[in-house]
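Student: run-v4.cif is the file, holding mmCIF, C-alpha atoms:
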```cif
data_structure
loop_
_atom_site.label_atom_id
_atom_site.label_comp_id
_atom_site.auth_asym_id
_atom_site.auth_seq_id
_atom_site.Cartn_x
_atom_site.Cartn_y
_atom_site.Cartn_z
CA MET A 266 111.48 146.58 83.64
CA LYS A 267 114.21 146.30 81.01
CA ALA A 268 113.17 146.78 77.38
CA ALA A 269 114.29 143.25 76.53
CA ASP A 270 111.99 141.87 79.22
CA MET A 271 109.06 144.03 78.11
CA PHE A 272 109.26 142.75 74.54
CA SER A 273 110.00 139.13 75.42
CA LEU A 274 107.43 136.55 74.35
CA LYS A 275 108.94 133.65 76.24
CA GLY A 276 106.34 131.08 77.27
CA ARG A 277 103.70 132.44 74.88
CA VAL A 278 102.04 130.77 71.93
CA ALA A 279 101.36 132.70 68.73
CA LEU A 280 99.25 131.75 65.72
CA VAL A 281 99.90 133.50 62.40
CA THR A 282 97.53 133.14 59.44
CA GLY A 283 98.89 133.48 55.93
CA ALA A 284 102.27 132.30 57.22
CA SER A 285 103.51 130.56 54.07
CA SER A 286 104.94 133.70 52.45
CA GLY A 287 105.45 137.45 52.54
CA LEU A 288 104.56 139.46 55.61
CA GLY A 289 103.12 136.40 57.33
CA GLN A 290 106.51 134.69 57.32
CA GLN A 291 108.22 137.83 58.57
CA PHE A 292 105.69 138.19 61.41
CA ALA A 293 106.17 134.55 62.42
CA ARG A 294 109.96 134.90 62.31
CA ALA A 295 109.89 138.03 64.48
CA LEU A 296 107.68 136.30 67.06
CA ALA A 297 109.86 133.19 67.09
CA ASP A 298 113.05 135.27 67.37
CA ASN A 299 111.57 136.78 70.54
CA ASP A 300 110.92 133.35 72.05
CA ALA A 301 107.26 132.68 71.19
CA ALA A 302 106.18 129.22 70.06
CA VAL A 303 104.50 129.70 66.69
CA ALA A 304 101.63 127.96 64.91
CA LEU A 305 101.96 128.60 61.16
CA VAL A 306 98.65 128.56 59.28
CA ALA A 307 98.13 128.70 55.51
CA ARG A 308 96.87 126.63 52.60
CA ARG A 309 100.25 125.78 51.02
CA THR A 310 101.44 122.82 53.09
CA GLU A 311 104.83 122.30 51.43
CA ARG A 312 105.84 125.92 51.97
CA LEU A 313 104.61 125.82 55.56
CA GLU A 314 106.62 122.70 56.31
CA ALA A 315 109.76 124.19 54.78
CA PHE A 316 109.35 127.37 56.81
CA LYS A 317 108.65 125.37 59.97
CA ALA A 318 111.91 123.48 59.46
CA GLU A 319 113.74 126.78 58.99
CA LEU A 320 112.38 128.15 62.28
CA GLU A 321 113.19 124.95 64.12
CA GLN A 322 116.78 125.07 62.90
CA SER A 323 117.09 128.42 64.67
CA GLY A 324 115.81 126.88 67.90
CA ALA A 325 112.14 127.87 67.71
CA ARG A 326 109.13 125.72 68.56
CA ALA A 327 106.75 125.68 65.60
CA ILE A 328 103.92 123.71 64.05
CA ALA A 329 102.57 123.85 60.48
CA ILE A 330 98.79 123.73 60.08
CA GLU A 331 97.03 123.61 56.71
CA ALA A 332 93.82 125.65 56.75
CA ASP A 333 91.72 127.90 54.54
CA VAL A 334 90.85 130.90 56.72
CA THR A 335 87.35 131.06 55.22
CA ASP A 336 86.54 127.52 56.42
CA ALA A 337 85.00 127.59 59.92
CA ALA A 338 85.70 123.91 60.59
CA ALA A 339 89.33 124.31 59.50
CA MET A 340 89.65 127.34 61.76
CA LYS A 341 88.54 125.40 64.84
CA ALA A 342 90.75 122.46 63.89
CA ALA A 343 93.71 124.83 63.54
CA PHE A 344 93.25 126.20 67.05
CA ASP A 345 92.81 122.66 68.36
CA ALA A 346 96.05 121.54 66.71
CA ALA A 347 97.95 124.56 68.01
CA GLU A 348 96.68 123.99 71.55
CA LYS A 349 97.52 120.29 71.49
CA ALA A 350 101.06 120.87 70.24
CA LEU A 351 102.03 124.16 71.88
CA GLY A 352 99.38 125.29 74.39
CA THR A 353 96.68 127.97 74.41
CA VAL A 354 97.16 130.58 71.70
CA THR A 355 97.54 133.96 73.43
CA ILE A 356 98.88 135.90 70.44
CA LEU A 357 96.83 135.84 67.23
CA ILE A 358 98.13 137.57 64.11
CA ASN A 359 95.30 137.90 61.58
CA ASN A 360 97.47 138.34 58.51
CA ALA A 361 95.94 136.20 55.73
CA GLY A 362 94.57 138.30 52.90
CA VAL A 363 93.97 138.51 49.17
CA ALA A 364 94.41 141.36 46.73
CA GLN A 365 91.55 142.65 44.63
CA LYS A 366 91.61 142.36 40.88
CA PRO A 367 92.28 145.87 39.50
CA LEU A 368 88.69 146.74 38.59
CA ARG A 369 86.78 150.00 38.62
CA ALA A 370 84.18 150.13 41.38
CA ILE A 371 81.30 149.86 38.91
CA ASP A 372 82.87 146.72 37.42
CA VAL A 373 83.36 144.78 40.67
CA GLY A 374 80.93 141.88 40.51
CA ALA A 375 79.33 140.02 43.40
CA GLU A 376 81.79 137.11 43.10
CA GLU A 377 84.89 139.32 43.33
CA TRP A 378 83.38 141.45 46.10
CA ARG A 379 82.55 138.34 48.13
CA ARG A 380 85.96 136.73 47.50
CA VAL A 381 87.82 139.75 48.86
CA LEU A 382 85.57 140.40 51.86
CA ASP A 383 85.42 136.72 52.82
CA VAL A 384 89.18 136.65 53.39
CA ASP A 385 90.09 140.25 54.18
CA LEU A 386 87.23 141.02 56.58
CA ASP A 387 85.01 138.09 57.54
CA ALA A 388 87.86 135.69 58.30
CA VAL A 389 89.65 138.34 60.35
CA PHE A 390 86.58 138.81 62.53
CA TYR A 391 85.80 135.11 62.92
CA TRP A 392 89.39 134.14 63.79
CA ALA A 393 89.52 136.98 66.31
CA GLN A 394 86.26 135.70 67.84
CA GLU A 395 87.58 132.16 68.09
CA GLY A 396 90.93 133.22 69.49
CA ALA A 397 89.28 135.45 72.09
CA ARG A 398 86.81 132.75 73.15
CA ARG A 399 89.66 130.33 73.78
CA MET A 400 91.79 132.81 75.69
CA ILE A 401 88.83 133.67 77.91
CA ALA A 402 87.93 130.00 78.45
CA ALA A 403 91.52 129.27 79.47
CA GLY A 404 91.55 132.27 81.81
CA LYS A 405 94.50 133.81 79.96
CA GLN A 406 95.20 137.34 78.83
CA GLY A 407 96.27 137.81 75.25
CA SER A 408 96.76 139.96 72.19
CA ILE A 409 95.05 139.92 68.82
CA VAL A 410 96.71 141.87 66.00
CA ASN A 411 94.72 142.40 62.82
CA ILE A 412 96.50 143.43 59.64
CA ALA A 413 94.74 146.35 57.99
CA SER A 414 96.21 148.65 55.32
CA VAL A 415 96.77 152.30 54.47
CA LEU A 416 94.00 151.72 51.92
CA GLY A 417 91.66 151.60 54.90
CA PHE A 418 92.31 155.33 55.26
CA GLY A 419 92.76 156.51 51.69
CA VAL A 420 91.36 154.82 48.58
CA ALA A 421 93.20 154.25 45.32
CA LYS A 422 91.43 153.60 42.03
CA GLY A 423 90.75 149.95 41.34
CA THR A 424 90.78 148.90 45.01
CA ALA A 425 87.17 149.42 46.12
CA ALA A 426 86.54 145.98 47.65
CA TYR A 427 89.97 145.77 49.26
CA ALA A 428 89.81 149.29 50.68
CA VAL A 429 86.33 148.73 52.10
CA ALA A 430 87.46 145.47 53.73
CA LYS A 431 90.54 147.05 55.28
CA ALA A 432 88.62 150.08 56.56
CA ALA A 433 86.17 147.66 58.16
CA VAL A 434 89.07 145.77 59.78
CA VAL A 435 90.05 149.00 61.56
CA GLN A 436 86.49 149.42 62.86
CA ALA A 437 86.16 145.73 63.77
CA THR A 438 89.38 146.04 65.75
CA ARG A 439 87.86 148.88 67.78
CA ALA A 440 84.57 147.04 68.30
CA LEU A 441 86.32 143.91 69.53
CA ALA A 442 88.70 145.90 71.70
CA ILE A 443 86.06 147.63 73.81
CA GLU A 444 84.21 144.37 74.46
CA LEU A 445 87.23 142.21 75.26
CA ALA A 446 89.35 144.61 77.30
CA TYR A 447 87.72 143.65 80.59
CA LYS A 448 88.78 140.05 79.99
CA GLY A 449 92.39 141.02 79.39
CA VAL A 450 92.30 140.39 75.65
CA ARG A 451 93.77 143.31 73.73
CA VAL A 452 92.84 143.88 70.09
CA ASN A 453 94.90 146.19 67.89
CA ALA A 454 95.78 146.53 64.22
CA ILE A 455 98.71 147.39 62.00
CA ALA A 456 98.11 149.29 58.76
CA PRO A 457 101.12 148.73 56.48
CA GLY A 458 101.89 150.88 53.49
CA TRP A 459 103.47 149.40 50.39
CA PHE A 460 105.81 146.49 51.10
CA VAL A 461 107.52 144.48 48.37
CA THR A 462 106.58 140.79 48.59
CA GLU A 463 106.56 137.94 46.10
CA ILE A 464 102.96 138.76 45.22
CA ASN A 465 103.68 142.30 44.05
CA ASP A 466 107.44 142.47 43.47
CA THR A 467 107.23 142.61 39.68
CA TYR A 468 104.71 145.45 39.80
CA LEU A 469 106.37 147.50 42.55
CA ASN A 470 109.85 147.09 41.09
CA GLY A 471 108.64 148.25 37.70
CA GLU A 472 107.80 151.63 36.19
CA ALA A 473 104.44 151.90 37.98
CA GLY A 474 106.11 151.13 41.28
CA ASN A 475 108.71 153.82 40.78
CA ALA A 476 105.93 156.34 40.22
CA MET A 477 104.20 155.22 43.42
CA LYS A 478 107.44 155.46 45.36
CA ARG A 479 107.69 159.16 44.54
CA ASP A 480 104.44 159.73 46.46
CA ILE A 481 105.83 158.23 49.68
CA PRO A 482 107.49 160.91 51.85
CA MET A 483 110.33 158.56 52.85
CA GLY A 484 110.92 157.81 49.17
CA ARG A 485 110.92 154.02 49.45
CA PHE A 486 108.74 150.97 49.96
CA GLY A 487 108.78 149.10 53.26
CA ASP A 488 111.73 146.80 53.85
CA LYS A 489 111.79 143.37 55.42
CA GLY A 490 111.54 143.88 59.17
CA ASP A 491 110.05 147.38 59.08
CA LEU A 492 106.87 146.04 60.71
CA ASP A 493 108.63 144.03 63.43
CA GLY A 494 108.69 146.86 65.96
CA ALA A 495 104.97 147.55 65.70
CA LEU A 496 104.17 143.85 65.82
CA LEU A 497 106.27 143.18 68.93
CA LEU A 498 104.90 146.27 70.68
CA LEU A 499 101.33 145.07 70.24
CA ALA A 500 102.03 141.40 70.94
CA SER A 501 104.11 141.87 74.08
CA ASP A 502 103.81 143.46 77.52
CA ALA A 503 105.41 146.58 76.06
CA GLY A 504 101.94 147.39 74.70
CA ARG A 505 99.94 146.07 77.64
CA TYR A 506 97.89 149.29 77.99
CA MET A 507 97.11 149.53 74.28
CA THR A 508 93.86 148.29 72.80
CA GLY A 509 91.70 149.46 69.90
CA ALA A 510 94.68 151.17 68.26
CA THR A 511 95.79 150.97 64.64
CA LEU A 512 99.49 151.61 64.08
CA VAL A 513 100.21 153.00 60.62
CA VAL A 514 103.61 151.92 59.24
CA ASP A 515 103.89 153.44 55.79
CA GLY A 516 106.78 155.87 55.40
CA GLY A 517 104.42 158.82 55.78
CA GLN A 518 101.98 157.88 53.02
CA VAL A 519 98.77 158.37 55.00
CA VAL A 520 99.95 161.71 56.39
CA GLN A 521 100.32 162.90 52.82
CA LEU A 522 96.93 161.49 51.82
CA LYS A 523 95.28 163.33 54.72
CA GLY A 524 97.22 166.51 54.08
#
```
What is this file in structure tokens?

Tutor:
Amino acid sequence: MKAADMFSLKGRVALVTGASSGLGQQFARALADNDAAVALVARRTERLEAFKAELEQSGARAIAIEADVTDAAAMKAAFDAAEKALGTVTILINNAGVAQKPLRAIDVGAEEWRRVLDVDLDAVFYWAQEGARRMIAAGKQGSIVNIASVLGFGVAKGTAAYAVAKAAVVQATRALAIELAYKGVRVNAIAPGWFVTEINDTYLNGEAGNAMKRDIPMGRFGDKGDLDGALLLLASDAGRYMTGATLVVDGGQVVQLKG
């Protein structure tokens, strides 16, 4: 099989959470560029609609769906809307997430702890459950890709809740993978290092960011598109014998942490 055929997503339907900005938009664009129909899910409707129009101008099939990933009813409605407009979702990208306020572990209160884990862990698991149930019910094989983080492998000060959530995403990915493999539903994860997005660009492009950059073996933060290869490998037939894996894409950061 030619590489282009292995990575093709023609005829498949993908759903991307957190698709109104940052990595979520890049993931959706990469999937659409490789011929998947894409359901864009986020809370910011105006941004979703603008991005949907952008994808459609390039020839993609897309739908914008407003949903809070922590709302179970909204989750089910999102899958319903995607199925009605595009067909059964067979590629789920669990990307939506929130950053933790920079607090020492002993200062993280119950409200902040719950806020971070609700989005960064609980929603990931519940959306994976729902996506898998629907793939199985439709008798279709599929791929679930959870977005973890290098902070799931090495903790930085002031990130306790976030790091715990992302480490749990890696383990949840494994747990789901071994139970869904027999149904043809693959579950993998991507653990990005530091990528400049609109949420963190001021910080990472400042003095603190320059100091962090010196600790990355490749000497730079991730660029737009640096995650596309890992995403397409896991979403497509190119990765059809992969499940339970977490691909680290970080310029060598975790290798240095473990060293």

Student: On this file, the PyMOL selection byres ((chain A and resi 278) around 6) gives some set of residues; write that set as number ranges by chain.

Tutor: A: 277, 279, 301-303, 354-355

Student: Of the candidates A:Gln518, A:Asn359, A:Gln394, A:Asn470, which shows the shortest atom-to-atom distance to Ile455 (chain A), using only C-alpha atoms?

Tutor: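 Nearest candidate to Ile455 (chain A) out of A:Gln518, A:Asn359, A:Gln394, A:Asn470: A:Asn359.
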
Student: When you look at Asp480 (chain A) with a cut-off of 12 Å (counting only C-alpha atoms), what residues show up, excluding the ones that are within fewer than 6 positions of it in the same chain? I need them as a list of chain:residue names.

Tutor: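 In the requested format, the answer is A:Gly458, A:Trp459, A:Ala473, A:Gly474, A:Phe486, A:Asp515, A:Gly516, A:Gly517, A:Gln518, A:Val519, A:Val520, A:Gln521, A:Leu522.
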
Student: To verify the selection step, state as a ChimeraX atom specification which residues the PyMOL selection byres ((chain A and resi 314) around 12) yields on this input.

Tutor: /A:284-286,304-313,315-321,327-331

Student: What separation in Å, quoted to one decimal, exists between CA of Phe460 (chain A) and CA of Tyr427 (chain A)?

Tutor: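 One can read the CA of Phe460 (chain A) to CA of Tyr427 (chain A) distance as 16.0 Å.
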
Student: Figure out the distance between CA of Gly449 (chain A) and CA of Gly404 (chain A), please, to one decimal in Å.

Tutor: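 Separation of CA of Gly404 (chain A) and CA of Gly449 (chain A): 9.1 Å.
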
Student: Counting only C-alpha atoms, what is within 12 Å of Arg380 (chain A), bar same-chain residues fewer than 5 positions away, as an mmCIF file with C-alpha atoms, keeping the file's coordinate frame?

Tutor:
```cif
data_model
loop_
_atom_site.group_PDB
_atom_site.id
_atom_site.type_symbol
_atom_site.label_atom_id
_atom_site.label_comp_id
_atom_site.auth_asym_id
_atom_site.auth_seq_id
_atom_site.Cartn_x
_atom_site.Cartn_y
_atom_site.Cartn_z
ATOM 1 C CA VAL A 334 90.850 130.900 56.720
ATOM 2 C CA THR A 335 87.350 131.060 55.220
ATOM 3 C CA GLY A 362 94.570 138.300 52.900
ATOM 4 C CA VAL A 363 93.970 138.510 49.170
ATOM 5 C CA ALA A 364 94.410 141.360 46.730
ATOM 6 C CA GLN A 365 91.550 142.650 44.630
ATOM 7 C CA LYS A 366 91.610 142.360 40.880
ATOM 8 C CA VAL A 373 83.360 144.780 40.670
ATOM 9 C CA GLY A 374 80.930 141.880 40.510
ATOM 10 C CA ALA A 375 79.330 140.020 43.400
ATOM 11 C CA ASP A 385 90.090 140.250 54.180
ATOM 12 C CA LEU A 386 87.230 141.020 56.580
ATOM 13 C CA ASP A 387 85.010 138.090 57.540
ATOM 14 C CA ALA A 388 87.860 135.690 58.300
ATOM 15 C CA ALA A 426 86.540 145.980 47.650
ATOM 16 C CA TYR A 427 89.970 145.770 49.260
ATOM 17 C CA ALA A 430 87.460 145.470 53.730
#
```

Student: When distances are computed from all atoms listed in the file, which of A:Gly289, A:Gly276, A:Gly407, A:Gly417 shows the smallest separation from Gly352 (chain A)?

Tutor: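 Using all atoms listed in the file, the shortest distance to Gly352 (chain A) belongs to A:Gly276.
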
Student: For a quick check of your reading of the model, name the residues lying within 6 Å of the coordinate (93.6, 146.8, 78.1), counting only C-alpha atoms, and write them as a PDB file with C-alpha atoms, in the coordinates of the input.

Tutor:
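Generated file (point_34.pdb):
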```
ATOM      1  CA  ALA A 446      89.350 144.610  77.300  1.00  0.00           C
ATOM      2  CA  ARG A 451      93.770 143.310  73.730  1.00  0.00           C
ATOM      3  CA  TYR A 506      97.890 149.290  77.990  1.00  0.00           C
ATOM      4  CA  MET A 507      97.110 149.530  74.280  1.00  0.00           C
ATOM      5  CA  THR A 508      93.860 148.290  72.800  1.00  0.00           C
TER       6      THR A 508
END
```

Student: What does the structure give for the distance between CA of Val420 (chain A) and CA of Ala495 (chain A), in Å to one decimal?

Tutor: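 These two atoms are separated by 23.0 Å.
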
Student: Fewer than 3 positions away in the same chain doesn't count, so skip those; otherwise give me all residues within 12 Å of Leu445 (chain A), counting only C-alpha atoms, as a PyMOL selection string.

Tutor: chain A and resi 393-394+396-398+400-401+406-409+438-442+448-453+508-509

Student: Complete the atom set of region 272-284 of chain A to N, CA and C atoms and return it as an mmCIF file, keeping the file's coordinate frame.

Tutor:
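Result saved to rebuild.cif:
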```cif
data_model
loop_
_atom_site.group_PDB
_atom_site.id
_atom_site.type_symbol
_atom_site.label_atom_id
_atom_site.label_comp_id
_atom_site.auth_asym_id
_atom_site.auth_seq_id
_atom_site.Cartn_x
_atom_site.Cartn_y
_atom_site.Cartn_z
ATOM 1 N N PHE A 272 109.578 143.249 75.878
ATOM 2 C CA PHE A 272 109.260 142.750 74.540
ATOM 3 C C PHE A 272 109.372 141.229 74.414
ATOM 4 N N SER A 273 109.830 140.575 75.479
ATOM 5 C CA SER A 273 110.000 139.130 75.420
ATOM 6 C C SER A 273 108.654 138.413 75.309
ATOM 7 N N LEU A 274 108.639 137.355 74.519
ATOM 8 C CA LEU A 274 107.430 136.550 74.350
ATOM 9 C C LEU A 274 107.643 135.123 74.851
ATOM 10 N N LYS A 275 108.612 134.967 75.708
ATOM 11 C CA LYS A 275 108.940 133.650 76.240
ATOM 12 C C LYS A 275 107.745 133.044 76.958
ATOM 13 N N GLY A 276 107.447 131.789 76.647
ATOM 14 C CA GLY A 276 106.340 131.080 77.270
ATOM 15 C C GLY A 276 105.002 131.336 76.609
ATOM 16 N N ARG A 277 104.964 132.122 75.548
ATOM 17 C CA ARG A 277 103.700 132.440 74.880
ATOM 18 C C ARG A 277 103.570 131.678 73.565
ATOM 19 N N VAL A 278 102.332 131.490 73.162
ATOM 20 C CA VAL A 278 102.040 130.770 71.930
ATOM 21 C C VAL A 278 101.349 131.710 70.954
ATOM 22 N N ALA A 279 101.912 131.824 69.765
ATOM 23 C CA ALA A 279 101.360 132.700 68.730
ATOM 24 C C ALA A 279 100.833 131.884 67.570
ATOM 25 N N LEU A 280 99.780 132.358 66.946
ATOM 26 C CA LEU A 280 99.250 131.750 65.720
ATOM 27 C C LEU A 280 99.232 132.837 64.651
ATOM 28 N N VAL A 281 99.821 132.530 63.507
ATOM 29 C CA VAL A 281 99.900 133.500 62.400
ATOM 30 C C VAL A 281 99.208 132.914 61.184
ATOM 31 N N THR A 282 98.181 133.597 60.675
ATOM 32 C CA THR A 282 97.530 133.140 59.440
ATOM 33 C C THR A 282 98.278 133.732 58.243
ATOM 34 N N GLY A 283 98.176 133.036 57.129
ATOM 35 C CA GLY A 283 98.890 133.480 55.930
ATOM 36 C C GLY A 283 100.390 133.424 56.128
ATOM 37 N N ALA A 284 100.858 132.372 56.807
ATOM 38 C CA ALA A 284 102.270 132.300 57.220
ATOM 39 C C ALA A 284 103.174 131.596 56.222
#
```
